[in-house]
Amino acid sequence: MARTSKKVQEINGILKPDDMASWVSNQYHTWRADQVSWLEQTKELRNYIFQTSTHDTNNKSLPWKNSTSVPKLTQLRDNLHANYFAALFPSDRWFKWESDSDEAESRENARLIEAYMRQKIRESGFKQAISKALYDYIDYGNAFGEVSYEANVHTTEDGPNIPVYVGPRMFRISPYDIFFDITASDFKDAGKVTRRVVSMGSLKRAALENPAEFGWVDAALDDTMTIRNNLKGYGDSDVDKSEGTQIDGFGTLWSYYTSDMVELLEYEGDLYDGTELMMGRKIIVIDRRRVVYNEPYESWLGKSNKEHVGWRDRPDNLYGMGPLDNLVGMQYRLDHLENLKADVFDQIAHPVVYQRGYVEDWEWGPGERIFGETDSEVRVLSPDTTALNADFQMDMLMRHMEQLAGAPSEAMGIRTPGEKTAFEVAELQNAAGRIFQHKITKFEEEFVEPLLNQMLESARRNMNGVEIVKIIDDEFAVAEFERITPDVLNQRGKLYPMGARHFAKQAQIVQNLFGFLNSAAYQDPAVVSHISGKKLAELLQEHLGLEQFDLVQPNIRVAEQQETQALLSQAQQNTAEEIANRAFPTDDFEDEEPVA
């Protein structure tokens, strides 16, 4: 017994955590416990989204013979994602840089900054990361992302280093990996812990590829390897008795320390240790026992590099509610009606037969004869066919689900019943899409915009040389290569994504414009004489997204008609000469002798 007690004391001494590491671990456990109910709700919704039959959800407890699932939630999810993504990125020029001044130099810098950001967005997979965040926005009602600067270089066998990607990159954070104070007034000011489980090899590689950001890795790995080596002399039962802690996903503490994986808890926020208030700190804890990094925020913005947006805000709670959360019950009923109807069909096709008295054995089939005693009876028990009307209820449920999720059927190209004028259709589409437009604009303003500016800030802070970016000249359709220096990026201004906001404005203007062009007012010569045809053409080109084709040029129709007329005149002249040559061949005149 004394020997066991001594082992426990030794192990406790080896695994004794730092005070700050213990505080971070306690914050992680506290905030994770606050989100347990939310995590369970999201898992239930996820089961309904990816179900292939009712056996994958809690509907399996109902007494059905059929287990068909109607994937309405899945269709709503795909519909919302497709339309959200199309609204965010309607074209390649979906964002712009706005400077604090209107000088010619600022306009040139704006052109260069936009070109630099377009290139980094394309090379870093920004749209793919935003696509994953959009799925989180729909599935969980919350999307999280962060920005870091990368300098990935590949070293060949011959020795030269080949840059793979150098620049800022946006990463999506799983809602299951970040925990924070949900009662805070704002996510940026809330304390937050991000949990990451990585292999030692990947952590070492990150330190080699980006030593500036992961300079703490070598010392951290040396420390955790020392702990693992010290624990080799003890058994699994000794370690588990000494510490009641369990690392999520590993089971016992012994299983964690015998693996090649390490857990990192990254805390961001303010910290008061009893004597000193530390504001805006980033603290990284390894193995829940040792602080390996403790520095102020690196960002010049003075804030965390993480961003969050919720689909439907809750009062006094930073966790948002998703568009599909309160539709789970309707999906449950939809599956219930579908399988109830199928069960009734089965009972009609294979009915229950009631027999009374003695009846000889018989088989079900056309023209079958049944023999029995005088008082015997064979009767088919038919179910009530009222259940077959479930299709009407199911159609109504699915329409309601689309409307409640902010994805009306018009977004899929399905027009609502009834005759309507052109203006009535436009008005109904605008009204039906208000929820959709509000939610995607919210995502753009609260998530995409700050991430874009964080990418630019990260590039400003870390760029130490000159980069070459390719710019496509719209006028001549040729590629130009420009030099980007840190001075170019260090301009006062801000990036604004205009995809979703321009998307709604564009649709409204185009609808109103075509309505006006087809109206009686536009047919009035007194009105038309005051409307610029050139400006009207430019407006159509801009809002129809046809700038890349360069359709609008000053008086281009006159020049084209002149060119056509010149070619036509030349063709007529050539034809006339050809006809004359056939009528009066030059060879005939050459054979004649001259007249004396």
# chains A, B, ... in the order shown; residues from 1 in each chain; ligands from 1
>>> residues_around(residues="region 467-469 of chain A", least_positions_apart="6", cutoff="12 Å", atoms="only C-alpha atoms", output="ChimeraX atom specification")
/A:111-120,122-123,163,165-167,459,479-489
>>> write_last_selection(atoms="N, CA and C atoms", output="JSON list (two decimals), in the first residue's frame")
[["chain", "number", "residue", "atom", "x", "y", "z"],
["A", 111, "ARG", "N", -5.76, 49.76, -56.73],
["A", 111, "ARG", "CA", -5.71, 48.77, -57.81],
["A", 111, "ARG", "C", -4.71, 47.66, -57.49],
["A", 112, "LEU", "N", -3.57, 48.03, -56.92],
["A", 112, "LEU", "CA", -2.54, 47.05, -56.59],
["A", 112, "LEU", "C", -2.95, 46.19, -55.41],
["A", 113, "ILE", "N", -3.56, 46.81, -54.41],
["A", 113, "ILE", "CA", -3.99, 46.05, -53.22],
["A", 113, "ILE", "C", -5.06, 45.04, -53.60],
["A", 114, "GLU", "N", -6.02, 45.46, -54.42],
["A", 114, "GLU", "CA", -7.07, 44.54, -54.87],
["A", 114, "GLU", "C", -6.47, 43.39, -55.67],
["A", 115, "ALA", "N", -5.50, 43.69, -56.53],
["A", 115, "ALA", "CA", -4.86, 42.63, -57.32],
["A", 115, "ALA", "C", -4.09, 41.67, -56.41],
["A", 116, "TYR", "N", -3.40, 42.21, -55.40],
["A", 116, "TYR", "CA", -2.66, 41.35, -54.46],
["A", 116, "TYR", "C", -3.61, 40.43, -53.71],
["A", 117, "MET", "N", -4.72, 40.99, -53.22],
["A", 117, "MET", "CA", -5.66, 40.18, -52.44],
["A", 117, "MET", "C", -6.36, 39.16, -53.32],
["A", 118, "ARG", "N", -6.67, 39.50, -54.55],
["A", 118, "ARG", "CA", -7.28, 38.52, -55.46],
["A", 118, "ARG", "C", -6.35, 37.34, -55.68],
["A", 119, "GLN", "N", -5.06, 37.63, -55.82],
["A", 119, "GLN", "CA", -4.10, 36.55, -56.05],
["A", 119, "GLN", "C", -3.97, 35.67, -54.81],
["A", 120, "LYS", "N", -3.90, 36.27, -53.61],
["A", 120, "LYS", "CA", -3.77, 35.49, -52.39],
["A", 120, "LYS", "C", -5.04, 34.70, -52.09],
["A", 122, "ARG", "N", -7.04, 33.48, -54.32],
["A", 122, "ARG", "CA", -7.06, 32.37, -55.26],
["A", 122, "ARG", "C", -6.05, 31.29, -54.86],
["A", 123, "GLU", "N", -4.85, 31.68, -54.46],
["A", 123, "GLU", "CA", -3.79, 30.72, -54.15],
["A", 123, "GLU", "C", -3.99, 30.03, -52.80],
["A", 163, "PRO", "N", 9.37, 28.24, -53.16],
["A", 163, "PRO", "CA", 8.20, 28.71, -52.40],
["A", 163, "PRO", "C", 6.91, 28.02, -52.89],
["A", 165, "TYR", "N", 3.73, 28.49, -50.99],
["A", 165, "TYR", "CA", 2.78, 29.59, -50.79],
["A", 165, "TYR", "C", 3.32, 30.48, -49.68],
["A", 166, "VAL", "N", 3.35, 31.76, -49.95],
["A", 166, "VAL", "CA", 3.78, 32.75, -48.97],
["A", 166, "VAL", "C", 2.71, 33.81, -48.91],
["A", 167, "GLY", "N", 2.09, 33.96, -47.74],
["A", 167, "GLY", "CA", 1.06, 34.96, -47.60],
["A", 167, "GLY", "C", 0.04, 34.58, -46.55],
["A", 459, "ALA", "N", -0.61, 40.33, -43.94],
["A", 459, "ALA", "CA", 0.36, 40.55, -45.02],
["A", 459, "ALA", "C", 1.19, 41.79, -44.75],
["A", 479, "ALA", "N", -2.00, 40.57, -69.68],
["A", 479, "ALA", "CA", -1.55, 40.40, -68.31],
["A", 479, "ALA", "C", -0.37, 41.32, -68.03],
["A", 480, "GLU", "N", -0.47, 42.06, -66.92],
["A", 480, "GLU", "CA", 0.62, 42.90, -66.47],
["A", 480, "GLU", "C", 1.14, 42.35, -65.15],
["A", 481, "PHE", "N", 2.43, 42.48, -64.92],
["A", 481, "PHE", "CA", 3.05, 42.02, -63.68],
["A", 481, "PHE", "C", 3.56, 43.24, -62.91],
["A", 482, "GLU", "N", 3.01, 43.42, -61.72],
["A", 482, "GLU", "CA", 3.33, 44.59, -60.90],
["A", 482, "GLU", "C", 4.08, 44.16, -59.64],
["A", 483, "ARG", "N", 4.92, 45.05, -59.14],
["A", 483, "ARG", "CA", 5.67, 44.81, -57.91],
["A", 483, "ARG", "C", 4.88, 45.36, -56.72],
["A", 484, "ILE", "N", 4.69, 44.50, -55.71],
["A", 484, "ILE", "CA", 3.98, 44.90, -54.50],
["A", 484, "ILE", "C", 5.00, 44.95, -53.36],
["A", 485, "THR", "N", 5.11, 46.10, -52.73],
["A", 485, "THR", "CA", 6.02, 46.29, -51.60],
["A", 485, "THR", "C", 5.21, 46.51, -50.33],
["A", 486, "PRO", "N", 5.83, 46.37, -49.16],
["A", 486, "PRO", "CA", 5.09, 46.65, -47.91],
["A", 486, "PRO", "C", 4.51, 48.06, -47.86],
["A", 487, "ASP", "N", 5.18, 49.03, -48.51],
["A", 487, "ASP", "CA", 4.66, 50.40, -48.50],
["A", 487, "ASP", "C", 3.32, 50.49, -49.22],
["A", 488, "VAL", "N", 3.14, 49.67, -50.26],
["A", 488, "VAL", "CA", 1.86, 49.68, -50.97],
["A", 488, "VAL", "C", 0.74, 49.19, -50.08],
["A", 489, "LEU", "N", 1.02, 48.12, -49.31],
["A", 489, "LEU", "CA", -0.02, 47.56, -48.44],
["A", 489, "LEU", "C", -0.27, 48.42, -47.21]]
>>> select_by_dssp(residues="region 156-204 of chain A", states="helix (DSSP H, G or I)", output="ChimeraX atom specification")
/A:200-204
>>> write_last_selection(atoms="N, CA and C atoms", output="mmCIF file, in the first residue's frame")
data_model
loop_
_atom_site.group_PDB
_atom_site.id
_atom_site.type_symbol
_atom_site.label_atom_id
_atom_site.label_comp_id
_atom_site.auth_asym_id
_atom_site.auth_seq_id
_atom_site.Cartn_x
_atom_site.Cartn_y
_atom_site.Cartn_z
ATOM 1 N N MET A 200 2.942 14.866 -33.210
ATOM 2 C CA MET A 200 4.215 15.538 -32.972
ATOM 3 C C MET A 200 4.927 15.832 -34.293
ATOM 4 N N GLY A 201 4.778 14.931 -35.238
ATOM 5 C CA GLY A 201 5.428 15.140 -36.530
ATOM 6 C C GLY A 201 4.892 16.357 -37.266
ATOM 7 N N SER A 202 3.569 16.514 -37.285
ATOM 8 C CA SER A 202 2.989 17.679 -37.965
ATOM 9 C C SER A 202 3.354 18.971 -37.256
ATOM 10 N N LEU A 203 3.467 18.912 -35.925
ATOM 11 C CA LEU A 203 3.857 20.100 -35.172
ATOM 12 C C LEU A 203 5.310 20.470 -35.471
ATOM 13 N N LYS A 204 6.162 19.459 -35.575
ATOM 14 C CA LYS A 204 7.563 19.713 -35.911
ATOM 15 C C LYS A 204 7.686 20.263 -37.325
#
>>> select_by_dssp(residues="region 133-349 of chain A", states="strand (DSSP E or B)", output="ChimeraX atom specification")
/A:142-155,161-173,178-180,192-199,261-272,277-286,290-296,306-310,312-314,317-321
>>> atom_distance(atom1="CA of Asp78 (chain A)", atom2="CA of Arg93 (chain A)")
24.7 Å
>>> residues_around(residues="Gln35 (chain A)", least_positions_apart="4", cutoff="8 Å", atoms="only C-alpha atoms", output="mmCIF file with N, CA and C atoms, in the first residue's frame")
data_model
loop_
_atom_site.group_PDB
_atom_site.id
_atom_site.type_symbol
_atom_site.label_atom_id
_atom_site.label_comp_id
_atom_site.auth_asym_id
_atom_site.auth_seq_id
_atom_site.Cartn_x
_atom_site.Cartn_y
_atom_site.Cartn_z
ATOM 1 N N TRP A 31 -16.326 26.203 -19.871
ATOM 2 C CA TRP A 31 -17.033 26.654 -21.073
ATOM 3 C C TRP A 31 -17.548 25.469 -21.881
ATOM 4 N N LEU A 39 -24.273 21.105 -28.020
ATOM 5 C CA LEU A 39 -23.582 20.066 -28.777
ATOM 6 C C LEU A 39 -24.505 18.878 -29.060
ATOM 7 N N PHE A 179 -14.330 26.915 -27.626
ATOM 8 C CA PHE A 179 -15.223 27.095 -26.478
ATOM 9 C C PHE A 179 -14.935 28.474 -25.884
#
>>> closest_residue(among="A:Gln393, A:Asn317, A:Gln75, A:Asn305", to="Tyr48 (chain A)", atoms="only C-alpha atoms")
A:Gln75
>>> atom_distance(atom1="CA of Asn555 (chain A)", atom2="CA of Glu538 (chain A)")
12.3 Å
>>> closest_residue(among="A:Val353, A:Arg314, A:Trp23, A:Tyr256", to="Val193 (chain A)", atoms="only C-alpha atoms")
A:Trp23
>>> residues_around(residues="Glu307 (chain A)", least_positions_apart="2", cutoff="8 Å", atoms="only C-alpha atoms", output="PyMOL selection string")
chain A and resi 144-146+187-188+304-305+309+447+450-451
>>> residues_around(residues="Ile178 (chain A)", least_positions_apart="3", cutoff="12 Å", atoms="only C-alpha atoms", output="VMD selection string")
chain A and resid 27 to 29 31 to 32 35 39 142 to 146 172 to 175 181 to 182 187 191 to 196 264 to 268 306 to 308 319
>>> write_last_selection(atoms="N, CA and C atoms", output="short mmCIF file (atom, residue, chain, number, x, y, z; two decimals), in the first residue's frame")
data_model
loop_
_atom_site.label_atom_id
_atom_site.label_comp_id
_atom_site.auth_asym_id
_atom_site.auth_seq_id
_atom_site.Cartn_x
_atom_site.Cartn_y
_atom_site.Cartn_z
N GLN A 27 -10.83 26.75 -17.40
CA GLN A 27 -11.70 27.55 -18.27
C GLN A 27 -12.26 26.69 -19.40
N TYR A 28 -11.42 25.84 -19.94
CA TYR A 28 -11.86 24.94 -21.01
C TYR A 28 -12.99 24.03 -20.52
N HIS A 29 -12.83 23.43 -19.36
CA HIS A 29 -13.85 22.53 -18.83
C HIS A 29 -15.14 23.29 -18.53
N TRP A 31 -16.33 26.20 -19.87
CA TRP A 31 -17.03 26.65 -21.07
C TRP A 31 -17.55 25.47 -21.88
N ARG A 32 -16.84 24.36 -21.84
CA ARG A 32 -17.31 23.18 -22.55
C ARG A 32 -18.58 22.63 -21.91
N GLN A 35 -21.76 24.31 -22.99
CA GLN A 35 -22.21 24.07 -24.36
C GLN A 35 -22.61 22.62 -24.61
N LEU A 39 -24.27 21.11 -28.02
CA LEU A 39 -23.58 20.07 -28.78
C LEU A 39 -24.50 18.88 -29.06
N ASN A 142 -23.54 28.64 -36.45
CA ASN A 142 -22.36 29.38 -36.03
C ASN A 142 -21.20 29.02 -36.93
N ALA A 143 -20.44 30.02 -37.34
CA ALA A 143 -19.25 29.80 -38.16
C ALA A 143 -18.08 30.49 -37.50
N PHE A 144 -16.93 29.82 -37.49
CA PHE A 144 -15.71 30.35 -36.87
C PHE A 144 -14.57 30.26 -37.87
N GLY A 145 -13.72 31.26 -37.85
CA GLY A 145 -12.57 31.28 -38.74
C GLY A 145 -11.44 32.10 -38.14
N GLU A 146 -10.24 31.88 -38.65
CA GLU A 146 -9.07 32.62 -38.19
C GLU A 146 -8.12 32.81 -39.37
N ARG A 172 -10.88 27.60 -41.46
CA ARG A 172 -12.15 27.37 -40.78
C ARG A 172 -11.89 26.61 -39.49
N ILE A 173 -12.57 27.02 -38.40
CA ILE A 173 -12.46 26.35 -37.11
C ILE A 173 -13.75 25.59 -36.87
N SER A 174 -13.63 24.32 -36.54
CA SER A 174 -14.83 23.52 -36.27
C SER A 174 -15.53 24.02 -35.02
N PRO A 175 -16.85 24.15 -35.05
CA PRO A 175 -17.57 24.57 -33.84
C PRO A 175 -17.39 23.62 -32.67
N ASP A 181 -16.78 32.11 -23.52
CA ASP A 181 -17.75 32.63 -22.57
C ASP A 181 -18.99 33.09 -23.34
N ILE A 182 -20.04 32.29 -23.30
CA ILE A 182 -21.22 32.57 -24.12
C ILE A 182 -22.03 33.75 -23.59
N PHE A 187 -18.08 38.63 -29.14
CA PHE A 187 -17.17 37.50 -29.31
C PHE A 187 -15.72 37.94 -29.29
N GLY A 191 -13.39 35.72 -23.62
CA GLY A 191 -12.32 34.75 -23.52
C GLY A 191 -12.68 33.48 -24.27
N LYS A 192 -11.69 32.86 -24.90
CA LYS A 192 -11.99 31.68 -25.74
C LYS A 192 -10.82 30.70 -25.68
N VAL A 193 -11.16 29.44 -25.76
CA VAL A 193 -10.15 28.38 -25.79
C VAL A 193 -10.38 27.53 -27.03
N THR A 194 -9.36 27.39 -27.85
CA THR A 194 -9.42 26.54 -29.04
C THR A 194 -8.60 25.29 -28.77
N ARG A 195 -9.22 24.15 -28.94
CA ARG A 195 -8.55 22.87 -28.67
C ARG A 195 -8.09 22.25 -29.99
N ARG A 196 -6.84 21.84 -30.01
CA ARG A 196 -6.29 21.17 -31.19
C ARG A 196 -5.53 19.92 -30.74
N LEU A 264 -3.26 20.67 -27.61
CA LEU A 264 -2.92 22.08 -27.39
C LEU A 264 -4.20 22.83 -27.06
N LEU A 265 -4.18 23.57 -25.95
CA LEU A 265 -5.27 24.46 -25.58
C LEU A 265 -4.78 25.88 -25.77
N GLU A 266 -5.41 26.60 -26.69
CA GLU A 266 -5.00 27.97 -27.01
C GLU A 266 -6.01 28.94 -26.43
N TYR A 267 -5.59 29.67 -25.42
CA TYR A 267 -6.48 30.64 -24.77
C TYR A 267 -6.20 32.02 -25.34
N GLU A 268 -7.26 32.77 -25.58
CA GLU A 268 -7.15 34.16 -26.03
C GLU A 268 -8.11 35.02 -25.23
N LYS A 306 -9.47 35.52 -34.52
CA LYS A 306 -10.61 34.63 -34.75
C LYS A 306 -11.89 35.46 -34.91
N GLU A 307 -12.76 34.98 -35.80
CA GLU A 307 -14.02 35.66 -36.08
C GLU A 307 -15.17 34.67 -35.93
N HIS A 308 -16.35 35.21 -35.63
CA HIS A 308 -17.53 34.37 -35.41
C HIS A 308 -18.76 35.09 -35.94
N TYR A 319 -24.02 32.20 -28.74
CA TYR A 319 -24.25 31.10 -29.67
C TYR A 319 -25.51 31.34 -30.47
#
>>> residues_around(residues="Ser22 (chain A)", least_positions_apart="5", cutoff="9 Å", atoms="only C-alpha atoms", output="short mmCIF file (atom, residue, chain, number, x, y, z; two decimals) with N, CA and C atoms, in the first residue's frame")
data_model
loop_
_atom_site.label_atom_id
_atom_site.label_comp_id
_atom_site.auth_asym_id
_atom_site.auth_seq_id
_atom_site.Cartn_x
_atom_site.Cartn_y
_atom_site.Cartn_z
N PRO A 17 0.73 20.46 -12.98
CA PRO A 17 0.62 21.53 -13.98
C PRO A 17 1.04 22.88 -13.42
N GLN A 27 -10.83 26.75 -17.40
CA GLN A 27 -11.70 27.55 -18.27
C GLN A 27 -12.26 26.69 -19.40
N ARG A 288 -2.20 20.02 -21.04
CA ARG A 288 -2.96 20.59 -19.92
C ARG A 288 -2.10 20.77 -18.67
N ARG A 289 -0.80 20.94 -18.87
CA ARG A 289 0.07 21.04 -17.70
C ARG A 289 1.19 22.07 -17.87
N ARG A 290 1.53 22.47 -19.09
CA ARG A 290 2.66 23.37 -19.26
C ARG A 290 2.33 24.48 -20.25
#
>>> residues_around(residues="Glu209 (chain A)", least_positions_apart="3", cutoff="12 Å", atoms="only C-alpha atoms", output="count of residues only")
23
>>> closest_residue(among="A:Leu337, A:Ala571, A:Met330, A:Gln51", to="Arg399 (chain A)", atoms="only C-alpha atoms")
A:Met330
>>> closest_residue(among="A:Val197, A:Arg492, A:His530, A:Ser67", to="Arg107 (chain A)", atoms="only C-alpha atoms")
A:Arg492
>>> closest_residue(among="A:Ser91, A:Thr42, A:Gln573, A:Thr224", to="Ile138 (chain A)", atoms="only C-alpha atoms")
A:Thr42
>>> closest_residue(among="A:Met321, A:Val291, A:Arg461, A:Asn490", to="Trp216 (chain A)", atoms="only C-alpha atoms")
A:Val291
